[in-house]
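J.: Got start.cif for you, mmCIF, C-alpha atoms:
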data_protein
loop_
_atom_site.label_atom_id
_atom_site.label_comp_id
_atom_site.auth_asym_id
_atom_site.auth_seq_id
_atom_site.Cartn_x
_atom_site.Cartn_y
_atom_site.Cartn_z
CA MET N 1 -26.73 157.18 -109.39
CA ARG N 2 -24.38 160.01 -108.32
CA LEU N 3 -26.75 162.64 -109.65
CA ASN N 4 -25.92 166.31 -109.38
CA TYR N 5 -28.35 168.98 -108.27
CA PRO N 6 -27.71 172.66 -107.51
CA ALA N 7 -25.66 173.19 -104.35
CA ASN N 8 -27.65 176.27 -103.30
CA ILE N 9 -30.49 174.09 -102.03
CA LYS N 10 -30.66 173.31 -98.33
CA ILE N 11 -32.71 170.24 -97.54
CA ILE N 12 -34.83 170.07 -94.41
CA ARG N 13 -36.20 166.60 -93.82
CA VAL N 14 -39.67 166.06 -92.40
CA PRO N 15 -41.46 162.78 -91.73
CA CYS N 16 -44.28 163.71 -94.14
CA THR N 17 -45.07 166.92 -96.05
CA GLY N 18 -48.24 167.03 -93.93
CA LYS N 19 -45.89 168.17 -91.13
CA VAL N 20 -44.93 171.33 -93.05
CA ASP N 21 -46.74 174.28 -91.57
CA VAL N 22 -47.71 177.57 -93.23
CA MET N 23 -45.37 179.36 -90.81
CA HIS N 24 -42.38 177.18 -91.79
CA LEU N 25 -42.73 178.38 -95.38
CA LEU N 26 -43.57 181.97 -94.51
CA ARG N 27 -40.68 182.27 -92.04
CA ALA N 28 -38.21 181.02 -94.67
CA ILE N 29 -39.16 183.91 -96.96
CA GLN N 30 -39.42 186.36 -94.05
CA LYS N 31 -35.86 185.49 -92.98
CA GLY N 32 -34.51 186.05 -96.46
CA ALA N 33 -34.65 182.76 -98.40
CA ASP N 34 -35.07 183.45 -102.13
CA GLY N 35 -37.47 180.55 -102.49
CA VAL N 36 -38.73 177.45 -100.74
CA TYR N 37 -40.30 174.32 -102.18
CA VAL N 38 -41.93 171.29 -100.70
CA VAL N 39 -41.27 167.86 -102.23
CA GLY N 40 -43.93 165.33 -101.30
CA CYS N 41 -45.04 161.89 -102.40
CA ILE N 42 -47.19 161.45 -105.50
CA GLU N 43 -50.81 162.45 -104.85
CA GLY N 44 -52.88 159.47 -103.82
CA THR N 45 -49.92 157.55 -102.37
CA CYS N 46 -49.56 159.31 -99.01
CA HIS N 47 -48.84 156.86 -96.19
CA TYR N 48 -50.98 159.12 -93.97
CA ASN N 49 -53.67 159.37 -96.68
CA GLU N 50 -53.66 163.14 -97.18
CA GLY N 51 -50.41 164.61 -95.82
CA ASN N 52 -49.24 165.75 -99.26
CA LEU N 53 -52.68 167.12 -100.15
CA ARG N 54 -52.64 169.24 -97.00
CA ALA N 55 -49.14 170.43 -97.87
CA LYS N 56 -50.38 171.45 -101.33
CA GLU N 57 -53.17 173.52 -99.80
CA ARG N 58 -50.74 175.17 -97.40
CA VAL N 59 -48.33 175.96 -100.22
CA ASN N 60 -51.16 177.58 -102.19
CA TYR N 61 -52.22 179.54 -99.09
CA VAL N 62 -48.68 180.86 -98.56
CA ARG N 63 -48.43 181.82 -102.24
CA MET N 64 -51.66 183.81 -101.87
CA ARG N 65 -50.48 185.54 -98.67
CA LEU N 66 -47.16 186.50 -100.32
CA GLU N 67 -48.83 187.84 -103.47
CA GLU N 68 -51.01 190.02 -101.23
CA ILE N 69 -47.96 191.89 -99.93
CA GLY N 70 -46.20 192.14 -103.28
CA ILE N 71 -43.79 189.17 -103.06
CA GLU N 72 -43.96 186.72 -105.99
CA GLY N 73 -46.00 183.66 -104.95
CA ASP N 74 -43.93 181.53 -107.30
CA ARG N 75 -41.07 181.67 -104.79
CA VAL N 76 -42.99 178.91 -103.01
CA ARG N 77 -43.81 175.72 -104.91
CA MET N 78 -44.93 172.15 -104.36
CA TYR N 79 -43.49 169.18 -106.26
CA ASN N 80 -44.49 165.52 -106.08
CA LEU N 81 -42.42 162.43 -106.78
CA SER N 82 -41.91 158.91 -105.45
CA SER N 83 -38.90 158.01 -103.31
CA GLY N 84 -37.48 155.94 -106.20
CA GLU N 85 -37.25 158.90 -108.58
CA GLY N 86 -33.77 160.32 -107.97
CA PRO N 87 -33.44 161.86 -111.45
CA THR N 88 -36.81 163.62 -111.06
CA PHE N 89 -35.65 165.03 -107.70
CA ALA N 90 -32.54 166.48 -109.37
CA ALA N 91 -34.65 167.80 -112.27
CA TYR N 92 -37.07 169.56 -109.88
CA ALA N 93 -34.12 171.05 -107.97
CA LYS N 94 -32.76 172.48 -111.21
CA GLU N 95 -36.20 173.71 -112.29
CA MET N 96 -36.77 175.49 -108.96
CA THR N 97 -33.30 177.06 -109.04
CA GLU N 98 -33.97 178.28 -112.59
CA ASN N 99 -37.34 179.69 -111.50
CA ILE N 100 -35.76 181.58 -108.58
CA ARG N 101 -32.89 182.87 -110.75
CA ASN N 102 -35.52 184.34 -113.10
CA LEU N 103 -37.33 185.99 -110.19
CA GLY N 104 -34.12 187.40 -108.70
CA PRO N 105 -33.20 187.68 -105.02
CA ASN N 106 -35.79 187.95 -102.23
CA PRO N 107 -37.03 191.59 -102.36
CA LEU N 108 -36.77 191.76 -98.56
CA LYS N 109 -32.98 191.59 -98.86
CA LYS N 110 -32.95 194.75 -100.95
CA ALA N 111 -35.16 196.46 -98.38
CA ARG N 112 -32.87 195.35 -95.56
CA LYS N 113 -29.81 196.63 -97.42
CA ALA N 114 -31.41 200.04 -97.96
CA GLU N 115 -32.19 200.16 -94.24
CA GLN N 116 -28.60 199.29 -93.32
CA ASP N 117 -27.23 201.90 -95.73
CA ARG N 118 -29.42 204.52 -94.08
CA SER N 119 -28.24 203.65 -90.57
CA ASP N 120 -24.53 203.70 -91.63
CA MET Y 1 -69.74 179.66 -82.83
CA ILE Y 2 -69.03 183.21 -84.02
CA VAL Y 3 -67.50 183.12 -87.49
CA ALA Y 4 -65.21 185.85 -88.81
CA LYS Y 5 -63.18 186.56 -91.93
CA ARG Y 6 -59.80 188.21 -91.94
CA LYS Y 7 -59.79 191.71 -93.38
CA PRO Y 8 -57.79 192.32 -96.57
CA ILE Y 9 -54.14 193.10 -95.79
CA GLU Y 10 -54.42 196.51 -97.48
CA GLU Y 11 -57.16 197.56 -95.06
CA ILE Y 12 -55.11 196.40 -92.06
CA LYS Y 13 -52.01 198.16 -93.38
CA LYS Y 14 -53.95 201.38 -93.81
CA MET Y 15 -55.17 201.27 -90.19
CA LEU Y 16 -51.64 200.67 -88.88
CA LYS Y 17 -50.04 203.40 -90.99
CA GLY Y 18 -47.76 205.55 -88.86
CA TYR Y 19 -47.54 203.10 -85.95
CA LYS Y 20 -44.15 201.50 -85.28
CA LYS Y 21 -44.91 199.10 -82.44
CA VAL Y 22 -48.21 197.24 -82.40
CA LEU Y 23 -49.48 194.33 -80.33
CA ASN Y 24 -51.53 191.80 -82.27
CA VAL Y 25 -53.96 190.07 -79.92
CA GLY Y 26 -55.56 186.80 -81.01
CA CYS Y 27 -58.53 185.14 -79.38
CA GLY Y 28 -58.42 181.45 -78.53
CA THR Y 29 -62.16 180.74 -78.74
CA CYS Y 30 -64.59 181.15 -81.69
CA VAL Y 31 -62.26 182.92 -84.14
CA ALA Y 32 -59.51 180.38 -83.44
CA VAL Y 33 -61.89 177.52 -84.29
CA CYS Y 34 -63.05 179.19 -87.53
CA LEU Y 35 -59.38 179.76 -88.50
CA ALA Y 36 -59.65 183.55 -88.60
CA GLY Y 37 -58.01 184.96 -85.48
CA GLY Y 38 -56.30 182.34 -83.32
CA GLU Y 39 -52.64 181.94 -82.43
CA LYS Y 40 -51.69 180.66 -85.89
CA GLU Y 41 -53.47 183.47 -87.72
CA VAL Y 42 -51.75 186.04 -85.46
CA GLU Y 43 -48.38 184.60 -86.51
CA VAL Y 44 -49.26 184.64 -90.21
CA LEU Y 45 -50.59 188.21 -90.12
CA ASN Y 46 -47.56 189.43 -88.13
CA ALA Y 47 -45.18 187.83 -90.64
CA GLN Y 48 -47.11 189.45 -93.50
CA LEU Y 49 -47.14 192.89 -91.86
CA ASP Y 50 -43.45 192.63 -91.00
CA MET Y 51 -42.55 191.78 -94.60
CA ALA Y 52 -44.94 194.32 -96.15
CA ARG Y 53 -43.61 197.19 -94.03
CA ARG Y 54 -39.98 196.20 -94.64
CA LEU Y 55 -40.67 196.30 -98.37
CA GLU Y 56 -42.03 199.82 -97.92
CA GLU Y 57 -38.88 200.69 -95.92
CA ASP Y 58 -41.03 201.62 -92.96
CA PRO Y 59 -40.48 198.71 -90.54
CA ILE Y 60 -42.98 197.84 -87.83
CA GLU Y 61 -42.47 195.79 -84.68
CA MET Y 62 -45.36 193.40 -84.19
CA GLY Y 63 -45.97 191.75 -80.84
CA ALA Y 64 -48.08 188.60 -80.55
CA PHE Y 65 -50.34 187.43 -77.78
CA THR Y 66 -53.35 185.17 -77.86
CA CYS Y 67 -55.62 185.11 -74.86
CA GLU Y 68 -58.17 182.44 -74.15
CA ARG Y 69 -61.16 184.75 -74.66
CA GLN Y 70 -61.16 188.46 -75.38
CA CYS Y 71 -64.76 188.76 -74.20
CA ASP Y 72 -63.87 187.78 -70.63
CA ARG Y 73 -62.28 190.18 -68.12
CA GLU Y 74 -60.33 187.43 -66.38
CA TYR Y 75 -58.49 186.51 -69.57
CA LEU Y 76 -58.04 190.09 -70.81
CA GLY Y 77 -56.30 190.93 -67.55
CA THR Y 78 -53.32 188.86 -68.69
CA LEU Y 79 -52.68 191.59 -71.29
CA ASP Y 80 -52.37 194.55 -68.91
CA GLU Y 81 -48.57 194.57 -68.55
CA LYS Y 82 -47.87 193.77 -72.19
CA VAL Y 83 -50.13 196.50 -73.60
CA LYS Y 84 -48.04 199.23 -71.91
CA GLN Y 85 -45.10 198.47 -74.21
CA TYR Y 86 -47.04 199.14 -77.43
CA GLU Y 87 -48.41 202.19 -79.28
CA ALA Y 88 -51.52 200.47 -80.57
CA ILE Y 89 -53.42 197.19 -80.49
CA LEU Y 90 -54.62 195.05 -83.38
CA SER Y 91 -57.30 192.59 -82.32
CA MET Y 92 -58.16 189.44 -84.24
CA ALA Y 93 -61.22 188.73 -82.08
CA CYS Y 94 -64.87 189.23 -83.02
CA GLY Y 95 -66.38 192.70 -82.65
CA ALA Y 96 -67.23 191.99 -79.01
CA GLY Y 97 -63.59 191.23 -78.18
CA VAL Y 98 -62.31 194.31 -80.00
CA GLN Y 99 -64.73 196.54 -78.07
CA PHE Y 100 -63.88 194.92 -74.74
CA ILE Y 101 -60.16 195.58 -75.34
CA ALA Y 102 -60.89 199.18 -76.39
CA GLU Y 103 -62.93 199.64 -73.20
CA ARG Y 104 -60.16 198.26 -70.98
CA TYR Y 105 -57.35 200.34 -72.55
CA PRO Y 106 -59.08 203.63 -73.49
CA ASP Y 107 -55.75 205.41 -74.06
CA LYS Y 108 -54.64 202.96 -76.79
CA PRO Y 109 -55.95 202.93 -80.35
CA VAL Y 110 -57.51 199.51 -81.05
CA PHE Y 111 -58.00 198.18 -84.60
CA PRO Y 112 -59.99 195.16 -85.80
CA ALA Y 113 -58.15 192.67 -88.02
CA VAL Y 114 -61.22 190.56 -88.85
CA ASP Y 115 -64.77 191.16 -90.04
CA THR Y 116 -67.21 189.41 -87.69
CA THR Y 117 -69.61 187.65 -90.01
CA PHE Y 118 -72.20 185.40 -88.34
CA ILE Y 119 -73.12 182.75 -85.79
CA GLY Y 120 -72.79 179.48 -87.61
CA VAL Y 121 -71.89 175.83 -87.82
CA ASN Y 122 -68.85 173.97 -89.10
CA GLN Y 123 -69.75 172.02 -92.25
CA GLY Y 124 -66.20 170.88 -92.99
CA VAL Y 125 -62.64 172.06 -92.39
CA GLY Y 126 -62.68 175.78 -93.15
CA TRP Y 127 -66.34 175.72 -94.30
CA TYR Y 128 -68.92 177.52 -92.16
CA GLU Y 129 -72.60 178.31 -92.62
CA GLU Y 130 -74.81 180.80 -90.86
CA ARG Y 131 -77.57 179.36 -88.67
CA CYS Y 132 -78.58 182.00 -86.11
CA ARG Y 133 -79.19 185.76 -86.09
CA SER Y 134 -79.49 185.92 -82.27
CA CYS Y 135 -82.90 187.61 -82.60
CA SER Y 136 -83.84 186.92 -78.95
CA SER Y 137 -87.16 185.24 -79.88
CA CYS Y 138 -86.34 181.64 -80.75
CA VAL Y 139 -89.13 179.80 -82.60
CA LEU Y 140 -87.13 176.69 -83.54
CA GLY Y 141 -89.45 174.52 -81.43
CA LEU Y 142 -92.34 175.31 -83.79
CA THR Y 143 -90.39 175.33 -87.06
CA GLY Y 144 -88.87 171.87 -86.97
CA GLY Y 145 -85.45 173.16 -85.95
CA ILE Y 146 -85.07 175.40 -89.04
CA CYS Y 147 -84.68 179.11 -88.34
CA PRO Y 148 -86.95 181.29 -90.52
CA VAL Y 149 -85.16 184.46 -89.42
CA THR Y 150 -81.78 183.24 -90.68
CA MET Y 151 -82.73 180.89 -93.51
CA CYS Y 152 -85.49 183.00 -95.12
CA ALA Y 153 -84.17 185.92 -97.18
CA LYS Y 154 -86.92 188.11 -95.71
CA GLY Y 155 -86.64 186.66 -92.22
CA LEU Y 156 -90.37 185.93 -92.28
CA PHE Y 157 -91.83 184.63 -89.03
CA ASN Y 158 -95.16 183.32 -90.35
CA GLY Y 159 -95.14 181.25 -93.51
CA PRO Y 160 -93.54 181.80 -96.92
CA CYS Y 161 -93.95 184.83 -99.17
CA GLY Y 162 -95.14 184.71 -102.79
CA GLY Y 163 -91.58 184.20 -103.96
CA THR Y 164 -91.35 180.56 -102.92
CA ASN Y 165 -90.76 178.56 -106.09
CA LYS Y 166 -90.76 174.73 -106.06
CA GLY Y 167 -88.75 174.62 -102.86
CA MET Y 168 -86.39 177.44 -103.80
CA CYS Y 169 -86.25 181.13 -102.90
CA GLU Y 170 -86.87 183.90 -105.40
CA VAL Y 171 -83.58 185.61 -104.54
CA SER Y 172 -81.47 182.71 -105.87
CA LYS Y 173 -82.13 179.31 -107.37
CA ASP Y 174 -79.41 177.91 -105.07
CA GLN Y 175 -81.11 179.20 -101.94
CA PRO Y 176 -83.76 176.82 -100.58
CA CYS Y 177 -87.00 178.39 -99.34
CA ALA Y 178 -86.84 178.26 -95.53
CA TRP Y 179 -90.60 177.88 -95.18
CA HIS Y 180 -90.68 175.05 -97.70
CA MET Y 181 -88.00 173.27 -95.66
CA ILE Y 182 -89.96 173.94 -92.47
CA TYR Y 183 -93.13 172.50 -94.06
CA GLU Y 184 -91.33 169.36 -95.23
CA ARG Y 185 -89.64 168.81 -91.85
CA LEU Y 186 -92.88 169.29 -89.89
CA LYS Y 187 -94.77 167.00 -92.30
CA GLN Y 188 -92.10 164.32 -91.82
CA GLN Y 189 -92.58 164.58 -88.06
CA GLY Y 190 -96.39 164.70 -88.25
CA ARG Y 191 -96.43 168.14 -86.60
CA LEU Y 192 -97.90 170.28 -89.40
CA ASP Y 193 -100.28 171.94 -86.93
CA CYS Y 194 -97.26 173.82 -85.50
CA ILE Y 195 -97.13 175.92 -88.66
CA LYS Y 196 -100.53 177.41 -87.82
CA GLU Y 197 -99.30 178.91 -84.58
CA LEU Y 198 -98.79 182.59 -85.41
CA GLN Y 199 -95.76 184.39 -84.00
CA PRO Y 200 -95.90 188.01 -82.85
CA MET Y 201 -93.47 190.42 -84.46
CA THR Y 202 -89.99 190.62 -82.94
CA GLU Y 203 -89.69 193.48 -80.52
CA TRP Y 204 -87.53 196.51 -81.19
CA GLN Y 205 -85.33 195.30 -78.36
CA ASN Y 206 -83.07 194.08 -81.14
CA GLN Y 207 -82.12 197.64 -81.91
CA VAL Y 208 -80.30 198.40 -78.66
CA PRO Y 209 -77.39 196.50 -77.09
CA ARG Y 210 -78.98 193.69 -75.13
CA THR Y 211 -77.94 192.53 -71.67
CA VAL Y 212 -78.52 189.10 -70.21
CA ILE Y 213 -78.24 188.45 -66.50
CA GLN Y 214 -78.86 184.81 -65.72
CA PRO Y 215 -81.12 183.94 -62.77
CA GLY Y 216 -79.20 184.00 -59.51
CA TYR Y 217 -76.62 186.54 -60.79
CA ARG Y 218 -76.56 190.33 -60.69
CA LYS Y 219 -74.71 193.24 -62.25
CA PRO Y 220 -71.26 193.79 -60.70
CA GLU Y 221 -72.10 197.39 -59.65
CA LYS Y 222 -75.16 196.15 -57.75
CA GLU Y 223 -72.93 193.66 -55.99
CA THR Y 224 -70.51 196.39 -54.86
CA GLU Y 225 -73.43 198.58 -53.73
CA GLN Y 226 -74.68 195.71 -51.65
CA GLN Y 227 -71.24 195.12 -50.15
CA LYS Y 228 -71.00 198.81 -49.22
CA ALA Y 229 -74.39 198.68 -47.52
#
Write the structure described by the file as structure tokens, please.
T.:
Amino acid sequence: MRLNYPANIKIIRVPCTGKVDVMHLLRAIQKGADGVYVVGCIEGTCHYNEGNLRAKERVNYVRMRLEEIGIEGDRVRMYNLSSGEGPTFAAYAKEMTENIRNLGPNPLKKARKAEQDRSD
Amino acid sequence: MIVAKRKPIEEIKKMLKGYKKVLNVGCGTCVAVCLAGGEKEVEVLNAQLDMARRLEEDPIEMGAFTCERQCDREYLGTLDEKVKQYEAILSMACGAGVQFIAERYPDKPVFPAVDTTFIGVNQGVGWYEERCRSCSSCVLGLTGGICPVTMCAKGLFNGPCGGTNKGMCEVSKDQPCAWHMIYERLKQQGRLDCIKELQPMTEWQNQVPRTVIQPGYRKPEKETEQQKA
């Protein structure tokens, strides 16, 4: 298909989205990622029955924990598609990139820069 | 199991204001099972505090340690060396654990990160319900295994009040009447005569911290006295 999707996305492969832990998502933001999204199978088609449903709950939990400390929860999202839907994958990648562009860089980066400027 | 809820982040942040190096101590028993203060929750809270304080340009260094049980001296001892490196301690254990840490390290400020809520059962993943008030006078043998102290809004020991309404409690239509449930359970078992056995009032012993020493054991200080003699 030779589809294009934004090059700023780094893919981390997991055997099932049920493997994705709350800390994996939280650490990504903590270490400065502007956003992180989980792409799982369509709901109801999980090979392990509820891996993607667990991932959805964890994503919502992380969004809530980020909102609590003043970081936009929308930097973390969950998308669902089947493995045959290449064009949808590219479309979601573009949509997420757009979403993050609108939100701007991770606010922690600005805080880190201010800290560095002070120590210089 | 003891069930707890994590405190709101704002409350935790307020307690830690001014401290730069804090050790967050989780507990691997009850609060770990009820997903409030185990190893995972320590990690999540530390990540949140780290990010929140960086955003406020007032960074904090959070240490993490989860001991098996904060209410047991043997396990708390594993903290001794680590505690020295920190200004303050945040404990994710139940109120008993927090107090035991505060007692062991009297020179360090200790803060609770959870609100200890009740003794309860696990109804589903992340879903807990209260079942026991630890009143020290268990009557479950006479009440068909339903606790009137916990399940009745008034904690009545001897039969329902006038507020029982077709099986529900007057405080809420979603709250079943404990004494109605007790009656139904005893009827089902053919033990309705149990309901007639009157219970004396609970003693005021509930109002002071209680101590239990199981038969065959004694207080540690008595043991040392005996060794000296």
J.: Residues of chain Y were defined as contacting chain N if any atom lay at most 10 Å from it, counting only C-alpha atoms; please report them as a ChimeraX atom specification.
T.: /Y:8-10,13,40-41,43-45,47-59
J.: Between N:Ala93, N:Glu72, N:Met64, N:Tyr79, single out the one closest to Val38 of chain N, counting all atoms listed in the file.
T.: N:Tyr79
J.: Hey, can you check how far atom CA of Cys161 of chain Y sits from atom CA of Ile195 of chain Y?
T.: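 Separation of atom CA of Cys161 of chain Y and atom CA of Ile195 of chain Y: 14.1 Å.
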J.: Around the point (-50.6, 169.1, -100.7), in the coordinates given by the file, pick out the residues reaching within 9 Å, counting all atoms listed in the file, and return them as a PyMOL selection string.
T.: chain N and resi 17-18+38+40+43+50-60+78+80
J.: Fewer than 6 positions away in the same chain doesn't count, so skip those; otherwise give me all residues within 10 Å of Arg73 of chain Y, counting all atoms listed in the file, as a list in words.
T.: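 The contact residues come out as Phe100, Ile101 and Arg104 of chain Y.
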J.: Separation of atom CA of Leu198 of chain Y and atom CA of Phe157 of chain Y, in Å?
T.: 8.1 Å
J.: Because some atoms of segment 82-110 of chain N are absent here, can you restore N, CA and C atoms and send them as a PDB file, in the coordinates of the input?
T.:
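Output below, filename selection-v7.pdb:
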ATOM      1  N   SER N  82     -42.005 160.063-106.346  1.00  0.00           N
ATOM      2  CA  SER N  82     -41.910 158.910-105.450  1.00  0.00           C
ATOM      3  C   SER N  82     -40.462 158.792-104.984  1.00  0.00           C
ATOM      4  N   SER N  83     -40.241 158.070-103.899  1.00  0.00           N
ATOM      5  CA  SER N  83     -38.900 158.010-103.310  1.00  0.00           C
ATOM      6  C   SER N  83     -37.912 157.329-104.251  1.00  0.00           C
ATOM      7  N   GLY N  84     -38.388 156.616-105.272  1.00  0.00           N
ATOM      8  CA  GLY N  84     -37.480 155.940-106.200  1.00  0.00           C
ATOM      9  C   GLY N  84     -37.026 156.819-107.357  1.00  0.00           C
ATOM     10  N   GLU N  85     -37.526 158.072-107.401  1.00  0.00           N
ATOM     11  CA  GLU N  85     -37.250 158.900-108.580  1.00  0.00           C
ATOM     12  C   GLU N  85     -36.140 159.922-108.352  1.00  0.00           C
ATOM     13  N   GLY N  86     -34.923 159.427-108.159  1.00  0.00           N
ATOM     14  CA  GLY N  86     -33.770 160.320-107.970  1.00  0.00           C
ATOM     15  C   GLY N  86     -33.623 161.341-109.080  1.00  0.00           C
ATOM     16  N   PRO N  87     -33.632 160.896-110.353  1.00  0.00           N
ATOM     17  CA  PRO N  87     -33.440 161.860-111.450  1.00  0.00           C
ATOM     18  C   PRO N  87     -34.502 162.959-111.443  1.00  0.00           C
ATOM     19  N   THR N  88     -35.747 162.605-111.096  1.00  0.00           N
ATOM     20  CA  THR N  88     -36.810 163.620-111.060  1.00  0.00           C
ATOM     21  C   THR N  88     -36.504 164.629-109.953  1.00  0.00           C
ATOM     22  N   PHE N  89     -36.001 164.131-108.815  1.00  0.00           N
ATOM     23  CA  PHE N  89     -35.650 165.030-107.700  1.00  0.00           C
ATOM     24  C   PHE N  89     -34.618 166.059-108.169  1.00  0.00           C
ATOM     25  N   ALA N  90     -33.596 165.570-108.863  1.00  0.00           N
ATOM     26  CA  ALA N  90     -32.540 166.480-109.370  1.00  0.00           C
ATOM     27  C   ALA N  90     -33.130 167.453-110.394  1.00  0.00           C
ATOM     28  N   ALA N  91     -34.045 166.936-111.234  1.00  0.00           N
ATOM     29  CA  ALA N  91     -34.650 167.800-112.270  1.00  0.00           C
ATOM     30  C   ALA N  91     -35.487 168.909-111.618  1.00  0.00           C
ATOM     31  N   TYR N  92     -36.253 168.562-110.577  1.00  0.00           N
ATOM     32  CA  TYR N  92     -37.070 169.560-109.880  1.00  0.00           C
ATOM     33  C   TYR N  92     -36.172 170.601-109.191  1.00  0.00           C
ATOM     34  N   ALA N  93     -35.047 170.127-108.637  1.00  0.00           N
ATOM     35  CA  ALA N  93     -34.120 171.050-107.970  1.00  0.00           C
ATOM     36  C   ALA N  93     -33.591 172.063-108.976  1.00  0.00           C
ATOM     37  N   LYS N  94     -33.271 171.569-110.164  1.00  0.00           N
ATOM     38  CA  LYS N  94     -32.760 172.480-111.210  1.00  0.00           C
ATOM     39  C   LYS N  94     -33.862 173.435-111.653  1.00  0.00           C
ATOM     40  N   GLU N  95     -35.066 172.900-111.828  1.00  0.00           N
ATOM     41  CA  GLU N  95     -36.200 173.710-112.290  1.00  0.00           C
ATOM     42  C   GLU N  95     -36.489 174.836-111.290  1.00  0.00           C
ATOM     43  N   MET N  96     -36.482 174.495-110.002  1.00  0.00           N
ATOM     44  CA  MET N  96     -36.770 175.490-108.960  1.00  0.00           C
ATOM     45  C   MET N  96     -35.671 176.553-108.935  1.00  0.00           C
ATOM     46  N   THR N  97     -34.422 176.112-109.051  1.00  0.00           N
ATOM     47  CA  THR N  97     -33.300 177.060-109.040  1.00  0.00           C
ATOM     48  C   THR N  97     -33.433 178.023-110.228  1.00  0.00           C
ATOM     49  N   GLU N  98     -33.773 177.467-111.382  1.00  0.00           N
ATOM     50  CA  GLU N  98     -33.970 178.280-112.590  1.00  0.00           C
ATOM     51  C   GLU N  98     -35.074 179.322-112.339  1.00  0.00           C
ATOM     52  N   ASN N  99     -36.176 178.834-111.788  1.00  0.00           N
ATOM     53  CA  ASN N  99     -37.340 179.690-111.500  1.00  0.00           C
ATOM     54  C   ASN N  99     -36.938 180.853-110.594  1.00  0.00           C
ATOM     55  N   ILE N 100     -36.164 180.536-109.537  1.00  0.00           N
ATOM     56  CA  ILE N 100     -35.760 181.580-108.580  1.00  0.00           C
ATOM     57  C   ILE N 100     -34.765 182.541-109.229  1.00  0.00           C
ATOM     58  N   ARG N 101     -33.852 181.987-110.057  1.00  0.00           N
ATOM     59  CA  ARG N 101     -32.890 182.870-110.750  1.00  0.00           C
ATOM     60  C   ARG N 101     -33.657 183.893-111.594  1.00  0.00           C
ATOM     61  N   ASN N 102     -34.726 183.429-112.260  1.00  0.00           N
ATOM     62  CA  ASN N 102     -35.520 184.340-113.100  1.00  0.00           C
ATOM     63  C   ASN N 102     -36.187 185.416-112.258  1.00  0.00           C
ATOM     64  N   LEU N 103     -36.621 185.028-111.057  1.00  0.00           N
ATOM     65  CA  LEU N 103     -37.330 185.990-110.190  1.00  0.00           C
ATOM     66  C   LEU N 103     -36.363 186.956-109.518  1.00  0.00           C
ATOM     67  N   GLY N 104     -35.106 186.551-109.372  1.00  0.00           N
ATOM     68  CA  GLY N 104     -34.120 187.400-108.700  1.00  0.00           C
ATOM     69  C   GLY N 104     -34.143 187.176-107.199  1.00  0.00           C
ATOM     70  N   PRO N 105     -33.274 187.902-106.469  1.00  0.00           N
ATOM     71  CA  PRO N 105     -33.200 187.680-105.020  1.00  0.00           C
ATOM     72  C   PRO N 105     -34.484 188.103-104.302  1.00  0.00           C
ATOM     73  N   ASN N 106     -34.656 187.593-103.094  1.00  0.00           N
ATOM     74  CA  ASN N 106     -35.790 187.950-102.230  1.00  0.00           C
ATOM     75  C   ASN N 106     -35.845 189.477-102.074  1.00  0.00           C
ATOM     76  N   PRO N 107     -36.961 190.126-102.441  1.00  0.00           N
ATOM     77  CA  PRO N 107     -37.030 191.590-102.360  1.00  0.00           C
ATOM     78  C   PRO N 107     -36.788 192.138-100.950  1.00  0.00           C
ATOM     79  N   LEU N 108     -36.986 191.292 -99.931  1.00  0.00           N
ATOM     80  CA  LEU N 108     -36.770 191.760 -98.560  1.00  0.00           C
ATOM     81  C   LEU N 108     -35.294 192.059 -98.311  1.00  0.00           C
ATOM     82  N   LYS N 109     -34.417 191.364 -99.043  1.00  0.00           N
ATOM     83  CA  LYS N 109     -32.980 191.590 -98.860  1.00  0.00           C
ATOM     84  C   LYS N 109     -32.604 192.995 -99.316  1.00  0.00           C
ATOM     85  N   LYS N 110     -33.233 193.404-100.430  1.00  0.00           N
ATOM     86  CA  LYS N 110     -32.950 194.750-100.950  1.00  0.00           C
ATOM     87  C   LYS N 110     -33.421 195.798 -99.932  1.00  0.00           C
TER      88      LYS N 110
END
